[in-house]
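A.B. asks: Got structure-v5.tsv for you, TSV, C-alpha atoms:
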```tsv
chain	number	residue	atom	x	y	z
A	107	MET	CA	3.98	160.19	139.40
A	108	ALA	CA	1.91	159.21	142.40
A	109	VAL	CA	-0.09	161.80	144.27
A	110	PRO	CA	0.09	161.48	148.06
A	111	ALA	CA	-3.07	161.11	150.10
A	112	ALA	CA	-4.47	164.22	151.71
A	113	ALA	CA	-3.44	163.05	155.18
A	114	GLN	CA	0.19	163.17	154.08
A	115	VAL	CA	0.25	166.60	152.45
A	116	THR	CA	-0.53	170.17	153.30
A	117	ARG	CA	-1.82	172.93	151.08
A	118	ASN	CA	0.91	174.52	149.01
A	119	PHE	CA	0.98	177.24	146.38
A	120	SER	CA	4.24	178.62	145.01
A	121	GLY	CA	5.80	179.62	141.73
A	122	ASN	CA	8.24	181.90	140.04
A	123	LEU	CA	8.68	184.21	137.07
A	124	SER	CA	12.05	184.21	135.33
A	125	LEU	CA	13.83	185.92	132.47
A	126	GLY	CA	17.00	184.49	131.00
A	127	VAL	CA	19.52	185.50	128.36
A	128	LEU	CA	21.45	182.66	126.72
A	129	ARG	CA	24.38	182.78	124.33
A	130	ASP	CA	24.56	179.55	122.29
A	131	THR	CA	27.36	178.70	119.85
A	132	ASN	CA	25.28	176.05	118.04
A	133	VAL	CA	21.49	176.45	118.12
A	134	ALA	CA	21.23	174.07	115.14
A	135	ARG	CA	22.72	171.18	117.17
A	136	SER	CA	24.42	170.06	113.95
A	137	SER	CA	27.61	170.41	111.95
A	138	GLU	CA	28.40	173.66	110.16
A	139	ALA	CA	27.66	172.02	106.80
A	140	PHE	CA	24.12	171.02	107.83
A	141	ALA	CA	23.47	174.45	109.32
A	142	LEU	CA	24.51	176.21	106.10
A	143	THR	CA	22.27	174.07	103.90
A	144	ARG	CA	19.25	175.11	106.00
A	145	GLY	CA	20.19	178.76	106.26
A	146	VAL	CA	20.59	178.62	110.06
A	147	GLU	CA	23.17	180.75	111.85
A	148	ARG	CA	24.68	178.51	114.46
A	149	GLU	CA	25.63	181.25	116.94
A	150	ASP	CA	22.73	183.15	118.43
A	151	THR	CA	21.45	184.91	121.54
A	152	ILE	CA	18.16	183.69	123.02
A	153	LEU	CA	15.76	185.41	125.40
A	154	THR	CA	13.89	182.91	127.60
A	155	PRO	CA	10.95	184.28	129.65
A	156	SER	CA	9.12	181.60	131.65
A	157	ALA	CA	6.70	181.00	134.50
A	158	SER	CA	6.32	177.99	136.80
A	159	ILE	CA	3.82	176.87	139.42
A	160	ASP	CA	3.60	174.24	142.17
A	161	TRP	CA	0.15	173.78	143.73
A	162	THR	CA	-1.21	171.08	146.03
A	163	GLN	CA	-4.65	171.12	147.65
A	164	PRO	CA	-5.90	168.44	150.09
A	165	ILE	CA	-9.64	167.69	149.86
A	166	GLY	CA	-10.72	165.38	152.64
A	167	ARG	CA	-8.95	162.06	152.06
A	168	SER	CA	-8.00	163.17	148.56
A	169	SER	CA	-5.73	165.77	147.03
A	170	VAL	CA	-5.28	167.54	143.70
A	171	PHE	CA	-2.13	169.10	142.28
A	172	ALA	CA	-0.74	171.03	139.32
A	173	ARG	CA	2.89	171.82	138.61
A	174	GLY	CA	5.12	172.68	135.71
A	175	SER	CA	6.46	175.51	133.61
A	176	VAL	CA	5.69	177.33	130.36
A	177	GLY	CA	7.88	179.73	128.46
A	178	TYR	CA	8.98	181.12	125.13
A	179	ARG	CA	12.31	181.16	123.30
A	180	ILE	CA	13.04	184.35	121.35
A	181	TYR	CA	16.03	184.21	118.97
A	182	ASP	CA	17.99	187.28	117.97
A	183	LYS	CA	19.11	186.06	114.50
A	184	ASN	CA	17.11	182.90	113.74
A	185	THR	CA	13.68	184.42	114.34
A	186	ASP	CA	11.91	181.55	112.55
A	187	LEU	CA	13.01	179.34	115.45
A	188	ASN	CA	10.97	181.36	117.99
A	189	ARG	CA	8.66	178.97	119.80
A	190	GLU	CA	6.90	178.13	123.04
A	191	VAL	CA	8.16	175.44	125.43
A	192	ALA	CA	6.17	173.64	128.12
A	193	ASP	CA	6.42	170.90	130.72
A	194	ILE	CA	3.29	170.61	132.85
A	195	GLN	CA	1.33	167.97	134.73
A	196	GLY	CA	-1.69	167.75	136.97
A	197	GLY	CA	-3.74	165.13	138.71
A	198	PHE	CA	-5.40	163.89	141.86
A	199	GLY	CA	-4.94	161.20	144.46
A	200	THR	CA	-7.27	159.55	146.92
A	201	ARG	CA	-7.28	156.93	149.66
A	202	VAL	CA	-10.02	154.33	150.16
A	203	GLY	CA	-9.41	151.93	153.04
A	204	PRO	CA	-5.94	150.40	152.62
A	205	CYS	CA	-5.71	151.52	148.97
A	206	GLN	CA	-4.18	154.70	147.61
A	207	GLY	CA	-4.66	155.67	143.96
A	208	SER	CA	-3.68	158.47	141.64
A	209	ALA	CA	-4.39	159.77	138.14
A	210	VAL	CA	-1.89	162.07	136.45
A	211	ALA	CA	-1.95	163.84	133.07
A	212	SER	CA	1.12	165.48	131.54
A	213	PHE	CA	2.14	167.49	128.50
A	214	SER	CA	5.53	168.64	127.21
A	215	ARG	CA	6.73	170.53	124.15
A	216	ARG	CA	10.41	170.71	123.17
A	217	GLN	CA	12.82	170.89	120.28
A	218	ARG	CA	13.47	167.41	118.96
A	219	ASP	CA	16.83	165.94	119.94
A	220	LEU	CA	19.36	165.25	117.23
A	221	GLU	CA	19.28	161.50	117.92
A	222	ASP	CA	15.56	161.58	117.09
A	223	LEU	CA	16.17	162.85	113.58
A	224	ALA	CA	17.35	161.34	110.31
A	225	ILE	CA	17.83	164.87	108.93
A	226	PRO	CA	18.83	167.36	111.66
A	227	ASN	CA	16.31	170.19	111.76
A	228	PRO	CA	16.24	172.76	114.59
A	229	LYS	CA	12.67	173.71	113.62
A	230	ALA	CA	11.33	170.26	114.52
A	231	ILE	CA	8.99	170.16	117.55
A	232	GLN	CA	8.09	167.15	119.70
A	233	ASP	CA	4.84	167.15	121.71
A	234	THR	CA	4.35	164.40	124.29
A	235	THR	CA	1.04	163.87	126.11
A	236	GLY	CA	0.57	161.24	128.79
A	237	VAL	CA	-2.01	159.78	131.16
A	238	ASN	CA	-1.03	157.49	134.05
A	239	LEU	CA	-3.17	155.59	136.59
A	240	GLN	CA	-1.59	154.02	139.66
A	241	THR	CA	-2.87	152.28	142.78
A	242	VAL	CA	-1.19	150.62	145.76
A	243	CYS	CA	-3.15	148.54	148.28
A	244	GLY	CA	-1.61	147.60	151.61
A	245	LEU	CA	-0.80	148.84	155.07
A	246	THR	CA	1.86	151.47	155.76
A	247	ALA	CA	4.17	148.62	156.80
A	248	GLY	CA	4.05	145.12	155.33
A	249	LEU	CA	3.00	143.57	152.05
A	250	GLY	CA	1.01	145.38	149.36
A	251	VAL	CA	-0.06	145.13	145.74
A	252	SER	CA	0.52	147.75	143.03
A	253	LEU	CA	-1.25	148.13	139.68
A	254	GLY	CA	-0.63	150.69	136.95
A	255	ALA	CA	-1.75	151.62	133.44
A	256	GLY	CA	-0.80	154.47	131.14
A	257	GLN	CA	-0.79	155.85	127.63
A	258	ILE	CA	1.58	158.24	125.87
A	259	TRP	CA	0.99	160.10	122.61
A	260	GLY	CA	4.01	161.48	120.75
A	261	GLU	CA	3.48	163.97	117.92
A	262	SER	CA	6.24	165.64	115.91
A	263	SER	CA	6.14	168.47	113.40
A	264	GLY	CA	8.41	170.66	111.30
A	265	ALA	CA	10.61	167.89	109.91
A	266	ALA	CA	10.76	165.84	106.72
A	267	ASP	CA	10.73	162.62	108.75
A	268	THR	CA	7.67	163.30	110.91
A	269	VAL	CA	6.65	160.15	112.82
A	270	ASP	CA	3.89	160.01	115.46
A	271	TYR	CA	3.43	157.19	117.95
A	272	GLU	CA	1.24	155.86	120.75
A	273	THR	CA	2.44	153.74	123.69
A	274	GLN	CA	0.11	151.81	125.97
A	275	SER	CA	1.44	150.14	129.12
A	276	VAL	CA	0.25	148.08	132.09
A	277	SER	CA	2.14	146.88	135.17
A	278	ALA	CA	1.62	144.90	138.37
A	279	GLY	CA	3.78	144.24	141.39
A	280	LEU	CA	4.15	143.12	144.98
A	281	VAL	CA	5.44	145.74	147.44
A	282	TYR	CA	7.01	145.26	150.87
A	283	ARG	CA	7.56	148.30	153.12
A	284	ARG	CA	9.22	148.86	156.50
A	285	SER	CA	10.26	152.22	157.90
A	286	THR	CA	13.64	150.80	158.99
A	287	LEU	CA	14.28	148.74	155.85
A	288	GLY	CA	12.82	150.84	153.03
A	289	GLU	CA	10.62	149.62	150.19
A	290	ALA	CA	11.16	146.60	147.94
A	291	GLN	CA	9.08	145.59	144.92
A	292	VAL	CA	8.96	142.85	142.31
A	293	PHE	CA	7.06	143.75	139.15
A	294	ILE	CA	6.05	142.74	135.66
A	295	SER	CA	5.09	145.12	132.85
A	296	HIS	CA	3.92	145.08	129.24
A	297	ALA	CA	3.98	147.95	126.74
A	298	GLU	CA	2.98	148.30	123.09
A	299	THR	CA	4.08	151.11	120.78
A	300	GLU	CA	2.46	151.81	117.40
A	301	TYR	CA	3.45	154.37	114.77
A	302	SER	CA	0.56	156.07	113.00
A	303	ASN	CA	2.10	158.00	110.10
A	304	ALA	CA	5.57	156.67	109.35
A	305	LEU	CA	6.77	157.29	105.79
A	306	VAL	CA	7.29	153.53	105.37
A	307	PRO	CA	4.64	151.89	107.61
A	308	ALA	CA	5.82	148.33	106.93
A	309	THR	CA	9.17	149.07	108.57
A	310	THR	CA	8.00	151.10	111.55
A	311	SER	CA	4.56	149.82	112.57
A	312	GLY	CA	5.49	149.08	116.16
A	313	TYR	CA	6.99	146.88	118.85
A	314	GLU	CA	6.19	145.26	122.20
A	315	VAL	CA	8.19	145.35	125.43
A	316	GLU	CA	7.95	142.72	128.18
A	317	SER	CA	9.80	143.31	131.48
A	318	ILE	CA	10.12	141.50	134.77
A	319	GLY	CA	12.25	142.89	137.55
A	320	ALA	CA	12.71	144.25	141.06
A	321	SER	CA	13.33	147.60	142.71
A	322	TYR	CA	14.47	148.82	146.12
A	323	SER	CA	14.53	152.27	147.71
A	324	ARG	CA	15.62	153.46	151.14
A	325	LYS	CA	16.40	156.61	153.07
A	326	VAL	CA	19.22	156.37	155.61
A	327	GLY	CA	18.98	159.17	158.14
A	328	SER	CA	18.79	162.69	156.78
A	329	ARG	CA	21.91	162.51	154.60
A	330	LEU	CA	21.53	159.52	152.27
A	331	LYS	CA	18.75	158.18	150.10
A	332	GLY	CA	18.80	155.98	147.06
A	333	SER	CA	16.91	153.66	144.75
A	334	VAL	CA	17.83	150.85	142.37
A	335	SER	CA	15.74	149.06	139.77
A	336	ALA	CA	16.66	146.24	137.38
A	337	SER	CA	14.55	144.27	134.90
A	338	GLN	CA	15.05	141.66	132.21
A	339	THR	CA	13.53	143.21	129.09
A	340	GLU	CA	12.42	141.61	125.83
A	341	VAL	CA	11.61	143.79	122.81
A	342	ASN	CA	9.85	142.24	119.81
A	343	SER	CA	8.91	143.91	116.57
A	344	THR	CA	5.26	143.87	115.46
A	345	SER	CA	6.10	145.32	112.03
A	346	ALA	CA	4.93	143.60	108.88
A	347	VAL	CA	8.56	143.50	107.70
A	348	ALA	CA	11.19	143.05	110.38
A	349	GLY	CA	14.31	145.19	110.04
A	350	ALA	CA	17.86	144.54	111.09
A	351	GLY	CA	18.16	144.45	114.88
A	352	SER	CA	14.39	144.68	115.42
A	353	ASN	CA	14.37	142.44	118.50
A	354	TYR	CA	16.32	142.94	121.72
A	355	SER	CA	16.87	141.04	124.95
A	356	GLY	CA	18.84	142.50	127.83
A	357	LEU	CA	18.98	144.11	131.25
A	358	ASN	CA	17.48	147.56	131.84
A	359	TYR	CA	18.32	149.38	135.06
A	360	ALA	CA	18.16	152.65	136.98
A	361	VAL	CA	20.30	153.68	139.96
A	362	GLN	CA	19.83	156.98	141.78
A	363	VAL	CA	21.72	158.12	144.87
A	364	ASP	CA	21.53	161.46	146.71
A	365	TYR	CA	24.08	162.10	149.45
A	366	GLN	CA	24.63	165.14	151.67
A	367	PRO	CA	27.91	164.59	153.58
A	368	THR	CA	27.79	168.07	155.15
A	369	SER	CA	25.25	170.86	155.55
A	370	ARG	CA	26.92	172.67	152.63
A	371	LEU	CA	27.74	169.86	150.15
A	372	SER	CA	25.24	167.77	148.17
A	373	LEU	CA	26.12	164.98	145.72
A	374	GLY	CA	23.99	163.06	143.22
A	375	LEU	CA	24.33	160.07	140.88
A	376	LEU	CA	21.98	158.81	138.15
A	377	TRP	CA	22.86	155.75	136.03
A	378	ASP	CA	20.30	154.11	133.75
A	379	ARG	CA	19.48	152.12	130.62
A	380	SER	CA	16.04	152.13	128.99
A	381	VAL	CA	14.12	151.50	125.77
A	382	LYS	CA	12.43	154.55	124.23
A	383	PRO	CA	10.25	155.02	121.11
A	384	SER	CA	12.14	156.40	118.11
A	385	VAL	CA	10.71	159.13	115.87
A	386	GLN	CA	13.24	158.49	113.11
A	387	VAL	CA	11.86	157.17	109.84
A	388	GLY	CA	12.87	153.52	109.39
A	389	ARG	CA	13.62	153.02	113.11
A	390	LEU	CA	11.58	151.19	115.73
A	391	TYR	CA	13.09	152.19	119.06
A	392	SER	CA	16.20	153.53	120.78
A	393	LEU	CA	18.29	151.89	123.47
A	394	ARG	CA	19.55	154.69	125.72
A	395	GLU	CA	22.24	154.44	128.39
A	396	GLY	CA	23.38	157.32	130.53
A	397	VAL	CA	25.27	158.33	133.64
A	398	ALA	CA	25.20	161.73	135.36
A	399	LEU	CA	27.07	163.10	138.36
A	400	ASN	CA	26.29	166.42	140.02
A	401	ALA	CA	27.41	168.37	143.06
A	402	SER	CA	26.43	171.63	144.75
A	403	TYR	CA	28.16	173.59	147.50
A	404	LYS	CA	26.79	176.46	149.57
A	405	LEU	CA	29.25	179.33	149.75
A	406	GLY	CA	27.70	181.02	152.75
A	407	THR	CA	24.04	181.99	153.02
A	408	ARG	CA	23.60	183.62	149.59
A	409	PHE	CA	25.83	181.82	147.07
A	410	THR	CA	25.57	178.21	145.82
A	411	TYR	CA	27.98	176.70	143.30
A	412	SER	CA	27.02	173.67	141.16
A	413	LEU	CA	28.92	171.35	138.85
A	414	GLY	CA	27.75	168.38	136.79
A	415	VAL	CA	28.88	165.95	134.10
A	416	ARG	CA	26.81	163.60	131.95
A	417	ARG	CA	27.37	160.95	129.30
A	418	ARG	CA	24.57	159.52	127.17
A	419	ASP	CA	24.80	156.73	124.57
A	420	ASN	CA	22.01	156.15	122.07
A	421	THR	CA	21.57	153.18	119.71
A	422	SER	CA	18.69	153.14	117.20
A	423	ARG	CA	17.37	149.68	116.37
A	424	GLY	CA	14.96	148.09	113.92
A	425	SER	CA	16.42	149.62	110.75
A	426	LEU	CA	15.49	148.21	107.31
A	427	PHE	CA	17.01	150.88	105.09
A	428	ALA	CA	18.98	154.13	105.09
A	429	ALA	CA	17.77	156.40	102.28
A	430	VAL	CA	19.53	159.35	103.89
A	431	PRO	CA	22.65	159.60	106.10
A	432	SER	CA	21.69	157.30	108.96
A	433	LEU	CA	22.11	158.19	112.63
A	434	ALA	CA	22.44	154.72	114.19
A	435	LYS	CA	24.73	155.33	117.18
A	436	SER	CA	25.72	158.43	119.08
A	437	ARG	CA	27.47	159.58	122.25
A	438	SER	CA	26.86	162.89	124.00
A	439	ASP	CA	29.27	164.20	126.66
A	440	GLU	CA	28.28	167.30	128.62
A	441	TRP	CA	29.55	169.33	131.55
A	442	ASN	CA	27.70	172.18	133.23
A	443	THR	CA	28.46	174.64	136.00
A	444	GLY	CA	26.57	177.44	137.69
A	445	LEU	CA	26.63	180.04	140.44
A	446	ARG	CA	23.41	181.03	142.19
A	447	PHE	CA	23.02	184.26	144.15
A	448	GLN	CA	20.01	184.43	146.48
A	449	GLN	CA	19.57	188.17	146.93
A	450	SER	CA	16.45	187.73	149.09
A	451	ASP	CA	13.73	185.18	149.84
A	452	ARG	CA	12.09	186.03	146.51
A	453	LEU	CA	14.80	187.33	144.18
A	454	SER	CA	17.67	185.21	142.80
A	455	PHE	CA	20.22	185.30	139.95
A	456	VAL	CA	21.90	182.31	138.25
A	457	LEU	CA	24.98	182.47	136.03
A	458	ASP	CA	25.55	179.14	134.26
A	459	ALA	CA	27.59	177.59	131.46
A	460	SER	CA	27.67	174.22	129.70
A	461	HIS	CA	29.45	172.46	126.87
A	462	THR	CA	28.28	169.47	124.80
A	463	LYS	CA	30.34	167.26	122.49
A	464	TYR	CA	28.33	164.97	120.24
A	465	ASP	CA	29.86	162.08	118.30
A	466	ALA	CA	27.91	159.81	115.93
A	467	ASN	CA	28.51	156.84	113.63
A	468	ASP	CA	28.50	159.29	110.68
A	469	PRO	CA	30.80	162.34	111.03
A	470	LEU	CA	28.12	164.44	109.31
A	471	PHE	CA	26.21	164.41	112.61
A	472	ASP	CA	29.12	165.36	114.88
A	473	TYR	CA	28.93	168.75	116.62
A	474	SER	CA	29.88	170.69	119.71
A	475	ALA	CA	28.04	173.51	121.47
A	476	THR	CA	28.80	175.91	124.31
A	477	ARG	CA	26.12	177.84	126.19
A	478	VAL	CA	26.46	180.69	128.71
A	479	GLY	CA	23.39	182.19	130.37
A	480	LEU	CA	22.16	184.57	133.04
A	481	THR	CA	18.72	184.10	134.60
A	482	THR	CA	16.77	186.31	136.99
A	483	SER	CA	13.92	184.75	138.99
A	484	VAL	CA	11.25	186.16	141.26
A	485	SER	CA	9.38	183.65	143.41
A	486	PHE	CA	5.93	183.96	144.93
```
Before we go any further, please render this structure as structure tokens.

C.D. replies:
Amino acid sequence: MAVPAAAQVTRNFSGNLSLGVLRDTNVARSSEAFALTRGVEREDTILTPSASIDWTQPIGRSSVFARGSVGYRIYDKNTDLNREVADIQGGFGTRVGPCQGSAVASFSRRQRDLEDLAIPNPKAIQDTTGVNLQTVCGLTAGLGVSLGAGQIWGESSGAADTVDYETQSVSAGLVYRRSTLGEAQVFISHAETEYSNALVPATTSGYEVESIGASYSRKVGSRLKGSVSASQTEVNSTSAVAGAGSNYSGLNYAVQVDYQPTSRLSLGLLWDRSVKPSVQVGRLYSLREGVALNASYKLGTRFTYSLGVRRRDNTSRGSLFAAVPSLAKSRSDEWNTGLRFQQSDRLSFVLDASHTKYDANDPLFDYSATRVGLTTSVSF
């Protein structure tokens, strides 16, 4: 995430405190059989206190920022699942002559997704820490050059198949910008992922990703904005012993469109395919494809209704063996809906519900889950 130069931002400090109550029919995110073997009650009620902040401070031609949220999940029945959650980032940006640069650090903690696991375990935690450096040199309009470098550390705990990884990446591109035409870029990138403590190092030591592509973004008036990115991607295993399907060649892409046809209605689309590190034992990486549609409608000055649907496909690649039931392919379909009541400038209430249906190559991993929640928030 780039940090804007001080001349483009103003000082901002805001945040909120929230308290939610969530009823979940499947906290284990697994079949009933798997939940019983681990002594987990699938239906539970969860209390979710949290706090968030959004701060930006210009300093001369530079600026610093911090934003994110921290919270805790308190389970009524499965008390051993109580844990903290976090998603925070901070950094600074500066401008020197025609160049603008930024440095951003981030940290997140979450429950590991089912597609990450060879043995589903709701106690498994995934920590992800990242550092990203970015610079763009060029005038406000015309041709420019972009350079970037970053590193991500992934650490997992609480599961029999714990796998940690590190990803290092670099990128370079040519950027062309015009206020009436938008921004276009051609780029090339290289990334290397290494696994530090896989149970079978020879099969999961790492892989490299080479990409070359182009992107375009534009805002049309005040109602429509969008971006599209496509790249030819080559993935090659660096493991001592290559597994089945270790290498991959194909098109990765991302399309995002936000459209506001009226002052009350907002629509959004996100469609993407990407390569992500896998934290399954015996797997190198995951090829993830997804599409999401969402809409919101203002019912007067106080109420806003929202509705969304999402489909996500996941394929794990680079497998040499399957000592346990293997999660190789999966599809997750989800719908969500919510009603927001803005009682005042500071106080709001949100009633929301969602349902997920998860299908995998092995029926042992299939599950469904329904969640209904009520959240109260106070902003400052």

A.B. asks: What separation in Å, quoted to one decimal, exists between atom CA of A:Ala230 and atom CA of A:Leu128?

C.D. replies: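 Computed distance, atom CA of A:Ala230 to atom CA of A:Leu128, equals 20.1 Å.
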
A.B. asks: For stretch 387-449 of chain A against stretch 370-373 of chain A, with a cut-off of 8 Å and counting only C-alpha atoms, what is the closest atom pair and its distance in Å to one decimal for every residue that makes the cut, ordered by chain and number, as a Markdown table?

C.D. replies:
```
| residue | atom | partner | partner_atom | distance |
| --- | --- | --- | --- | --- |
| A:Leu399 | CA | A:Leu373 | CA | 7.7 |
| A:Asn400 | CA | A:Leu373 | CA | 5.9 |
| A:Ala401 | CA | A:Leu373 | CA | 4.5 |
| A:Ser402 | CA | A:Ser372 | CA | 5.3 |
| A:Tyr403 | CA | A:Leu371 | CA | 4.6 |
| A:Lys404 | CA | A:Arg370 | CA | 4.9 |
| A:Leu405 | CA | A:Arg370 | CA | 7.6 |
```

A.B. asks: Do a neighbour search on A:Asp378 at 7 Å with only C-alpha atoms, toss out local chain neighbours closer than 3 positions, and write the hits as a count of residues only.

C.D. replies: 6

A.B. asks: Between A:Leu187, A:Glu440, A:Ser454, A:Asp193, which one has atoms that come closest to A:Arg477, using all atoms listed in the file?

C.D. replies: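 Counting all atoms listed in the file, the residue closest to A:Arg477 is A:Glu440.
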
A.B. asks: Would you pick out the contacts of A:Asn238 at 6 Å or less, using all atoms listed in the file, so that residues sharing its chain but fewer than 4 positions from it are not included, and give the list as number ranges by chain?

C.D. replies: A: 209-210, 255-256

A.B. asks: Have a look at atom CA of A:Asp233 and atom CA of A:Ser214 and let me know their distance in Å, one decimal.

C.D. replies: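 Going from atom CA of A:Asp233 over to atom CA of A:Ser214, I get 5.7 Å.
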
A.B. asks: Which is closer to A:Gln362 than all the others in A:Trp259, A:Tyr301, A:Phe409, A:Trp377, using all atoms listed in the file?

C.D. replies: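 That would be A:Trp377, the residue with the smallest distance to A:Gln362.
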